[in-house]
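Trainee: What follows is coords01.pdb, PDB, C-alpha atoms and all ligand atoms.
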ATOM      1  CA  MET M   1       0.000   0.000   0.000
ATOM      2  CA  GLY M   2       2.907   2.384   0.739
ATOM      3  CA  PRO M   3       4.145   2.775  -2.875
ATOM      4  CA  LEU M   4       0.577   3.177  -4.134
ATOM      5  CA  ALA M   5      -0.186   5.866  -1.557
ATOM      6  CA  GLU M   6       3.088   7.632  -2.408
ATOM      7  CA  ALA M   7       2.283   7.510  -6.156
ATOM      8  CA  MET M   8      -1.161   8.984  -5.501
ATOM      9  CA  ARG M   9       0.329  11.725  -3.301
ATOM     10  CA  VAL M  10       2.836  12.664  -6.042
ATOM     11  CA  ALA M  11       0.096  12.649  -8.695
ATOM     12  CA  HIS M  12      -2.091  14.845  -6.479
ATOM     13  CA  GLU M  13       0.757  17.337  -6.048
ATOM     14  CA  ARG M  14       1.885  17.490  -9.672
ATOM     15  CA  ILE M  15      -1.332  17.354 -11.693
ATOM     16  CA  VAL M  16      -2.748  20.750 -12.603
ATOM     17  CA  ALA M  17      -5.477  22.023 -14.893
ATOM     18  CA  CYS M  18      -4.094  23.814 -17.963
ATOM     19  CA  SER M  19      -4.903  27.533 -17.818
ATOM     20  CA  VAL M  20      -5.444  27.578 -21.607
ATOM     21  CA  CYS M  21      -7.533  24.492 -22.340
ATOM     22  CA  GLY M  22      -8.531  23.072 -18.945
ATOM     23  CA  ASN M  23      -6.985  19.678 -19.661
ATOM     24  CA  ILE M  24      -5.060  18.046 -16.826
ATOM     25  CA  ASP M  25      -1.318  17.567 -17.058
ATOM     26  CA  THR M  26       1.802  17.924 -14.933
ATOM     27  CA  ARG M  27       2.586  21.305 -16.515
ATOM     28  CA  ASP M  28       0.764  24.543 -17.322
ATOM     29  CA  PRO M  29       0.284  25.230 -20.209
ATOM     30  CA  CYS M  30      -0.222  21.534 -20.864
ATOM     31  CA  THR M  31       1.929  19.498 -23.244
ATOM     32  CA  ILE M  32      -0.582  19.867 -26.080
ATOM     33  CA  CYS M  33      -1.072  23.640 -25.694
ATOM     34  CA  ALA M  34       2.709  24.115 -25.523
ATOM     35  CA  ASP M  35       3.292  22.058 -28.694
ATOM     36  CA  GLU M  36       3.712  24.553 -31.544
ATOM     37  CA  ARG M  37       3.383  21.795 -34.155
ATOM     38  CA  ARG M  38      -0.264  21.392 -33.187
ATOM     39  CA  GLU M  39      -2.840  22.740 -35.602
ATOM     40  CA  SER M  40      -4.483  25.830 -34.056
ATOM     41  CA  ALA M  41      -7.418  26.322 -36.415
ATOM     42  CA  THR M  42      -9.472  23.501 -34.890
ATOM     43  CA  LEU M  43     -10.530  23.140 -31.258
ATOM     44  CA  TRP M  44     -11.989  19.858 -30.055
ATOM     45  CA  SER M  45     -14.224  20.714 -27.147
ATOM     46  CA  SER M  46     -15.237  18.009 -24.704
ATOM     47  CA  SER M  47     -16.804  17.803 -21.279
ATOM     48  CA  ARG M  48     -13.964  15.940 -19.575
ATOM     49  CA  SER M  49     -10.192  15.449 -19.835
ATOM     50  CA  ALA M  50     -10.736  11.707 -20.245
ATOM     51  CA  ILE M  51     -12.531  12.383 -23.542
ATOM     52  CA  CYS M  52      -9.517  14.376 -24.774
ATOM     53  CA  GLY M  53      -7.409  11.337 -23.906
ATOM     54  CA  ALA M  54      -9.741   9.117 -25.921
ATOM     55  CA  LEU M  55      -9.614  11.526 -28.888
ATOM     56  CA  GLU M  56      -5.804  11.553 -28.701
ATOM     57  CA  ARG M  57      -5.682   7.756 -28.677
ATOM     58  CA  ALA M  58      -7.827   7.706 -31.824
ATOM     59  CA  GLN M  59      -4.964   9.568 -33.587
ATOM     60  CA  ALA M  60      -7.417  11.223 -35.972
ATOM     61  CA  THR M  61      -6.389  14.814 -35.273
ATOM     62  CA  ARG M  62      -3.351  16.938 -34.460
ATOM     63  CA  ALA M  63      -5.479  19.857 -33.340
ATOM     64  CA  ARG M  64      -5.953  21.435 -29.925
ATOM     65  CA  TYR M  65      -8.515  20.823 -27.186
ATOM     66  CA  HIS M  66     -10.791  22.651 -24.805
ATOM     67  CA  VAL M  67     -12.190  20.932 -21.714
ATOM     68  CA  LEU M  68     -15.518  22.272 -20.486
ATOM     69  CA  GLY M  69     -15.394  20.515 -17.130
ATOM     70  CA  GLY M  70     -18.829  18.938 -17.437
ATOM     71  CA  ALA M  71     -22.119  19.388 -19.225
ATOM     72  CA  LEU M  72     -25.062  21.691 -18.644
ATOM     73  CA  SER M  73     -27.631  19.990 -16.451
ATOM     74  CA  PRO M  74     -30.479  22.121 -15.138
ATOM     75  CA  LEU M  75     -31.774  19.198 -13.052
ATOM     76  CA  ASP M  76     -28.429  18.931 -11.252
ATOM     77  CA  GLY M  77     -28.075  22.706 -10.968
ATOM     78  CA  ILE M  78     -25.092  22.872 -13.369
ATOM     79  CA  GLY M  79     -25.241  26.107 -15.357
ATOM     80  CA  PRO M  80     -22.916  27.856 -17.831
ATOM     81  CA  GLU M  81     -21.043  29.603 -15.001
ATOM     82  CA  ASP M  82     -20.050  26.205 -13.601
ATOM     83  CA  LEU M  83     -18.305  25.214 -16.827
ATOM     84  CA  ASN M  84     -15.324  26.502 -18.810
ATOM     85  CA  ILE M  85     -17.579  27.835 -21.595
ATOM     86  CA  ALA M  86     -16.456  31.463 -21.275
ATOM     87  CA  GLY M  87     -12.881  30.266 -21.816
ATOM     88  CA  LEU M  88     -13.911  28.587 -25.065
ATOM     89  CA  VAL M  89     -15.677  31.715 -26.326
ATOM     90  CA  ALA M  90     -12.614  33.797 -25.379
ATOM     91  CA  ARG M  91     -10.320  31.507 -27.359
ATOM     92  CA  VAL M  92     -12.590  31.809 -30.406
ATOM     93  CA  ALA M  93     -12.837  35.591 -29.947
ATOM     94  CA  GLU M  94      -9.031  35.858 -30.023
ATOM     95  CA  GLY M  95      -9.183  34.728 -33.651
ATOM     96  CA  GLY M  96      -7.390  31.997 -35.571
ATOM     97  CA  VAL M  97      -9.923  29.275 -34.726
ATOM     98  CA  GLN M  98     -11.860  28.177 -37.812
ATOM     99  CA  GLU M  99     -13.708  25.166 -36.409
ATOM    100  CA  VAL M 100     -14.965  24.108 -32.983
ATOM    101  CA  VAL M 101     -15.825  20.419 -32.806
ATOM    102  CA  LEU M 102     -18.264  19.637 -30.011
ATOM    103  CA  ALA M 103     -17.179  16.190 -28.861
ATOM    104  CA  VAL M 104     -19.954  15.857 -26.293
ATOM    105  CA  ASN M 105     -21.830  12.809 -25.117
ATOM    106  CA  ALA M 106     -24.916  11.720 -27.063
ATOM    107  CA  THR M 107     -27.073  12.417 -24.000
ATOM    108  CA  VAL M 108     -29.661  15.091 -23.249
ATOM    109  CA  ASP M 109     -27.104  17.033 -21.184
ATOM    110  CA  GLY M 110     -24.454  16.711 -23.895
ATOM    111  CA  GLN M 111     -26.804  17.884 -26.625
ATOM    112  CA  THR M 112     -28.103  20.753 -24.452
ATOM    113  CA  THR M 113     -24.509  21.877 -23.933
ATOM    114  CA  ALA M 114     -23.806  21.629 -27.663
ATOM    115  CA  HIS M 115     -26.843  23.759 -28.556
ATOM    116  CA  TYR M 116     -25.953  26.365 -25.930
ATOM    117  CA  ILE M 117     -22.350  26.674 -27.162
ATOM    118  CA  THR M 118     -23.446  26.781 -30.799
ATOM    119  CA  GLU M 119     -25.713  29.723 -29.950
ATOM    120  CA  LEU M 120     -22.938  31.537 -28.063
ATOM    121  CA  LEU M 121     -20.507  31.105 -30.949
ATOM    122  CA  SER M 122     -22.967  32.189 -33.638
ATOM    123  CA  PRO M 123     -21.658  35.823 -33.751
ATOM    124  CA  TYR M 124     -18.158  34.569 -34.608
ATOM    125  CA  PRO M 125     -16.905  33.431 -38.031
ATOM    126  CA  VAL M 126     -16.285  29.874 -36.853
ATOM    127  CA  LYS M 127     -17.709  26.590 -38.066
ATOM    128  CA  VAL M 128     -19.273  24.563 -35.232
ATOM    129  CA  THR M 129     -19.421  20.828 -35.850
ATOM    130  CA  ARG M 130     -20.101  17.747 -33.768
ATOM    131  CA  LEU M 131     -19.064  14.129 -33.895
ATOM    132  CA  ALA M 132     -21.139  11.907 -36.162
ATOM    133  CA  HIS M 133     -23.459   9.377 -34.563
ATOM    134  CA  GLY M 134     -23.815   5.973 -36.095
ATOM    135  CA  VAL M 135     -22.480   2.513 -36.773
ATOM    136  CA  PRO M 136     -19.418   1.544 -34.692
ATOM    137  CA  VAL M 137     -16.408   0.173 -36.587
ATOM    138  CA  GLY M 138     -16.926  -3.578 -36.807
ATOM    139  CA  GLY M 139     -20.573  -3.181 -35.787
ATOM    140  CA  GLU M 140     -23.363  -5.304 -37.213
ATOM    141  CA  LEU M 141     -26.464  -3.401 -38.258
ATOM    142  CA  ASP M 142     -29.046  -5.833 -36.914
ATOM    143  CA  TYR M 143     -27.585  -5.539 -33.401
ATOM    144  CA  LEU M 144     -27.677  -1.720 -33.232
ATOM    145  CA  ASP M 145     -30.175   0.029 -30.974
ATOM    146  CA  ASP M 146     -32.957   1.906 -32.767
ATOM    147  CA  GLY M 147     -31.667   5.384 -31.839
ATOM    148  CA  THR M 148     -28.147   4.747 -33.113
ATOM    149  CA  LEU M 149     -29.420   3.125 -36.301
ATOM    150  CA  ALA M 150     -31.801   6.041 -36.942
ATOM    151  CA  ALA M 151     -28.938   8.540 -36.443
ATOM    152  CA  ALA M 152     -26.736   6.556 -38.838
ATOM    153  CA  MET M 153     -29.533   6.494 -41.422
ATOM    154  CA  ARG M 154     -30.018  10.275 -41.206
ATOM    155  CA  GLN M 155     -26.254  10.989 -41.323
ATOM    156  CA  ARG M 156     -25.475   8.647 -44.218
ATOM    157  CA  THR M 157     -22.594   9.768 -46.419
ATOM    158  CA  THR M 158     -21.661   9.307 -50.083
ATOM    159  CA  PHE M 159     -19.739   6.058 -50.608
TER     160      PHE M 159
HETATM  161 ZN    ZN M 201      -3.786  22.993 -22.470
END
Translate the structure of the given file into structure tokens.

Mentor:
Amino acid sequence: MGPLAEAMRVAHERIVACSVCGNIDTRDPCTICADERRESATLWSSSRSAICGALERAQATRARYHVLGGALSPLDGIGPEDLNIAGLVARVAEGGVQEVVLAVNATVDGQTTAHYITELLSPYPVKVTRLAHGVPVGGELDYLDDGTLAAAMRQRTTF
């Protein structure tokens, strides 16, 4: 137990939230924000740092991130002031961002957050997109739930 407790103590001391993107790292600005080779025109915005980690593992982008710190949830009393939404708008207002990808959960709270942010960003010349919903890689159509299949049918793309 000793080494585990020591490792957790060190992690607790060293891990900080990045003042630019809100992601957690052992440095501020975080490794991604400090990397000048990263593409700056696209911001992937997600509710939690763990989602940024998942997006990084997918290796489908070399862009930058913005962590909101949660999702809007009126029932739980979580409003815009509880999230890092103002930070996202400020980054867009600075200029240079051409696209904000809303990588939010396909839940009511996630979609509410996405609509709210889309409205806030509407005065700015930035494209707001979201992740596609649909068939998982390797998925079989007859085993999909109705909601996912319906989303995939609506968001079909040219082959
Ligand atoms: Zn950062």

Trainee: Would you mind listing, for every residue of chain M within 12 Å of ligand ZN 201 (chain M), the two atoms forming the shortest contact and the distance between them in Å to one decimal, using only C-alpha atoms and all ligand atoms, sorted by chain and ascending residue number, as CSV?

Mentor:
residue,atom,partner,partner_atom,distance
M:Val16,CA,M:ZN201,ZN,10.2
M:Ala17,CA,M:ZN201,ZN,7.8
M:Cys18,CA,M:ZN201,ZN,4.6
M:Ser19,CA,M:ZN201,ZN,6.6
M:Val20,CA,M:ZN201,ZN,5.0
M:Cys21,CA,M:ZN201,ZN,4.0
M:Gly22,CA,M:ZN201,ZN,5.9
M:Asn23,CA,M:ZN201,ZN,5.4
M:Ile24,CA,M:ZN201,ZN,7.6
M:Asp25,CA,M:ZN201,ZN,8.1
M:Thr26,CA,M:ZN201,ZN,10.7
M:Arg27,CA,M:ZN201,ZN,8.9
M:Asp28,CA,M:ZN201,ZN,7.0
M:Pro29,CA,M:ZN201,ZN,5.2
M:Cys30,CA,M:ZN201,ZN,4.2
M:Thr31,CA,M:ZN201,ZN,6.7
M:Ile32,CA,M:ZN201,ZN,5.8
M:Cys33,CA,M:ZN201,ZN,4.3
M:Ala34,CA,M:ZN201,ZN,7.3
M:Asp35,CA,M:ZN201,ZN,9.5
M:Glu36,CA,M:ZN201,ZN,11.9
M:Arg38,CA,M:ZN201,ZN,11.4
M:Ser40,CA,M:ZN201,ZN,11.9
M:Leu43,CA,M:ZN201,ZN,11.1
M:Trp44,CA,M:ZN201,ZN,11.6
M:Ser45,CA,M:ZN201,ZN,11.7
M:Ser49,CA,M:ZN201,ZN,10.2
M:Cys52,CA,M:ZN201,ZN,10.6
M:Ala63,CA,M:ZN201,ZN,11.4
M:Arg64,CA,M:ZN201,ZN,7.9
M:Tyr65,CA,M:ZN201,ZN,7.0
M:His66,CA,M:ZN201,ZN,7.4
M:Val67,CA,M:ZN201,ZN,8.7
M:Leu68,CA,M:ZN201,ZN,11.9
M:Gly87,CA,M:ZN201,ZN,11.7
M:Leu88,CA,M:ZN201,ZN,11.9
M:Arg91,CA,M:ZN201,ZN,11.8

Trainee: For those residues, write C-alpha atoms to a file as a PDB file, in the frame of the given file.

Mentor:
ATOM      1  CA  VAL M  16      -2.748  20.750 -12.603  1.00  0.00           C
ATOM      2  CA  ALA M  17      -5.477  22.023 -14.893  1.00  0.00           C
ATOM      3  CA  CYS M  18      -4.094  23.814 -17.963  1.00  0.00           C
ATOM      4  CA  SER M  19      -4.903  27.533 -17.818  1.00  0.00           C
ATOM      5  CA  VAL M  20      -5.444  27.578 -21.607  1.00  0.00           C
ATOM      6  CA  CYS M  21      -7.533  24.492 -22.340  1.00  0.00           C
ATOM      7  CA  GLY M  22      -8.531  23.072 -18.945  1.00  0.00           C
ATOM      8  CA  ASN M  23      -6.985  19.678 -19.661  1.00  0.00           C
ATOM      9  CA  ILE M  24      -5.060  18.046 -16.826  1.00  0.00           C
ATOM     10  CA  ASP M  25      -1.318  17.567 -17.058  1.00  0.00           C
ATOM     11  CA  THR M  26       1.802  17.924 -14.933  1.00  0.00           C
ATOM     12  CA  ARG M  27       2.586  21.305 -16.515  1.00  0.00           C
ATOM     13  CA  ASP M  28       0.764  24.543 -17.322  1.00  0.00           C
ATOM     14  CA  PRO M  29       0.284  25.230 -20.209  1.00  0.00           C
ATOM     15  CA  CYS M  30      -0.222  21.534 -20.864  1.00  0.00           C
ATOM     16  CA  THR M  31       1.929  19.498 -23.244  1.00  0.00           C
ATOM     17  CA  ILE M  32      -0.582  19.867 -26.080  1.00  0.00           C
ATOM     18  CA  CYS M  33      -1.072  23.640 -25.694  1.00  0.00           C
ATOM     19  CA  ALA M  34       2.709  24.115 -25.523  1.00  0.00           C
ATOM     20  CA  ASP M  35       3.292  22.058 -28.694  1.00  0.00           C
ATOM     21  CA  GLU M  36       3.712  24.553 -31.544  1.00  0.00           C
ATOM     22  CA  ARG M  38      -0.264  21.392 -33.187  1.00  0.00           C
ATOM     23  CA  SER M  40      -4.483  25.830 -34.056  1.00  0.00           C
ATOM     24  CA  LEU M  43     -10.530  23.140 -31.258  1.00  0.00           C
ATOM     25  CA  TRP M  44     -11.989  19.858 -30.055  1.00  0.00           C
ATOM     26  CA  SER M  45     -14.224  20.714 -27.147  1.00  0.00           C
ATOM     27  CA  SER M  49     -10.192  15.449 -19.835  1.00  0.00           C
ATOM     28  CA  CYS M  52      -9.517  14.376 -24.774  1.00  0.00           C
ATOM     29  CA  ALA M  63      -5.479  19.857 -33.340  1.00  0.00           C
ATOM     30  CA  ARG M  64      -5.953  21.435 -29.925  1.00  0.00           C
ATOM     31  CA  TYR M  65      -8.515  20.823 -27.186  1.00  0.00           C
ATOM     32  CA  HIS M  66     -10.791  22.651 -24.805  1.00  0.00           C
ATOM     33  CA  VAL M  67     -12.190  20.932 -21.714  1.00  0.00           C
ATOM     34  CA  LEU M  68     -15.518  22.272 -20.486  1.00  0.00           C
ATOM     35  CA  GLY M  87     -12.881  30.266 -21.816  1.00  0.00           C
ATOM     36  CA  LEU M  88     -13.911  28.587 -25.065  1.00  0.00           C
ATOM     37  CA  ARG M  91     -10.320  31.507 -27.359  1.00  0.00           C
TER      38      ARG M  91
END

Trainee: I'd like to know which of M:Val89, M:Met1, M:Ala106, M:Val101 is closest to Glu119 in chain M, using all atoms listed in the file.

Mentor: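 Closest candidate: M:Val89.
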
Trainee: What is the CA of Asp146 in chain M to CA of Gly70 in chain M distance in Å?

Mentor: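 Straight-line distance from CA of Asp146 in chain M to CA of Gly70 in chain M works out to 26.9 Å.
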
Trainee: The PyMOL selection byres (((chain M and resi 132) around 12) and not hetatm) - which residues does that actually catch in the file I just gave you? List them as a PDB file with C-alpha atoms, in the frame of the given file.

Mentor:
ATOM      1  CA  VAL M 101     -15.825  20.419 -32.806  1.00  0.00           C
ATOM      2  CA  LEU M 102     -18.264  19.637 -30.011  1.00  0.00           C
ATOM      3  CA  ALA M 103     -17.179  16.190 -28.861  1.00  0.00           C
ATOM      4  CA  VAL M 104     -19.954  15.857 -26.293  1.00  0.00           C
ATOM      5  CA  ASN M 105     -21.830  12.809 -25.117  1.00  0.00           C
ATOM      6  CA  ALA M 106     -24.916  11.720 -27.063  1.00  0.00           C
ATOM      7  CA  THR M 129     -19.421  20.828 -35.850  1.00  0.00           C
ATOM      8  CA  ARG M 130     -20.101  17.747 -33.768  1.00  0.00           C
ATOM      9  CA  LEU M 131     -19.064  14.129 -33.895  1.00  0.00           C
ATOM     10  CA  HIS M 133     -23.459   9.377 -34.563  1.00  0.00           C
ATOM     11  CA  GLY M 134     -23.815   5.973 -36.095  1.00  0.00           C
ATOM     12  CA  VAL M 135     -22.480   2.513 -36.773  1.00  0.00           C
ATOM     13  CA  PRO M 136     -19.418   1.544 -34.692  1.00  0.00           C
ATOM     14  CA  THR M 148     -28.147   4.747 -33.113  1.00  0.00           C
ATOM     15  CA  ALA M 151     -28.938   8.540 -36.443  1.00  0.00           C
ATOM     16  CA  ALA M 152     -26.736   6.556 -38.838  1.00  0.00           C
ATOM     17  CA  MET M 153     -29.533   6.494 -41.422  1.00  0.00           C
ATOM     18  CA  ARG M 154     -30.018  10.275 -41.206  1.00  0.00           C
ATOM     19  CA  GLN M 155     -26.254  10.989 -41.323  1.00  0.00           C
ATOM     20  CA  ARG M 156     -25.475   8.647 -44.218  1.00  0.00           C
ATOM     21  CA  THR M 157     -22.594   9.768 -46.419  1.00  0.00           C
TER      22      THR M 157
END

Trainee: So which one's closest to Ile85 in chain M, M:Ser73, M:Thr158, M:Thr107, M:Ser46? Using all atoms listed in the file, please.

Mentor: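 Of M:Ser73, M:Thr158, M:Thr107, M:Ser46, the one nearest Ile85 in chain M, counting all atoms listed in the file, is M:Ser46.
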
Trainee: Quick one: of M:Ile117, M:Ala41, M:Leu55, M:Leu83, who's nearest to Gly95 in chain M, counting all atoms listed in the file?

Mentor: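 For Gly95 in chain M, the nearest of the given residues is M:Ala41.
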
Trainee: Could you check which of M:Leu75, M:Val126, M:Leu121, M:Ala50 is closest to Glu99 in chain M, using only C-alpha atoms?

Mentor: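 When distances to Glu99 in chain M are compared using only C-alpha atoms, the smallest one comes from M:Val126.
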
Trainee: To one decimal place in Å, what is the distance between CA of Gln111 in chain M and CA of Ile51 in chain M?

Mentor: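 Straight-line distance from CA of Gln111 in chain M to CA of Ile51 in chain M works out to 15.6 Å.
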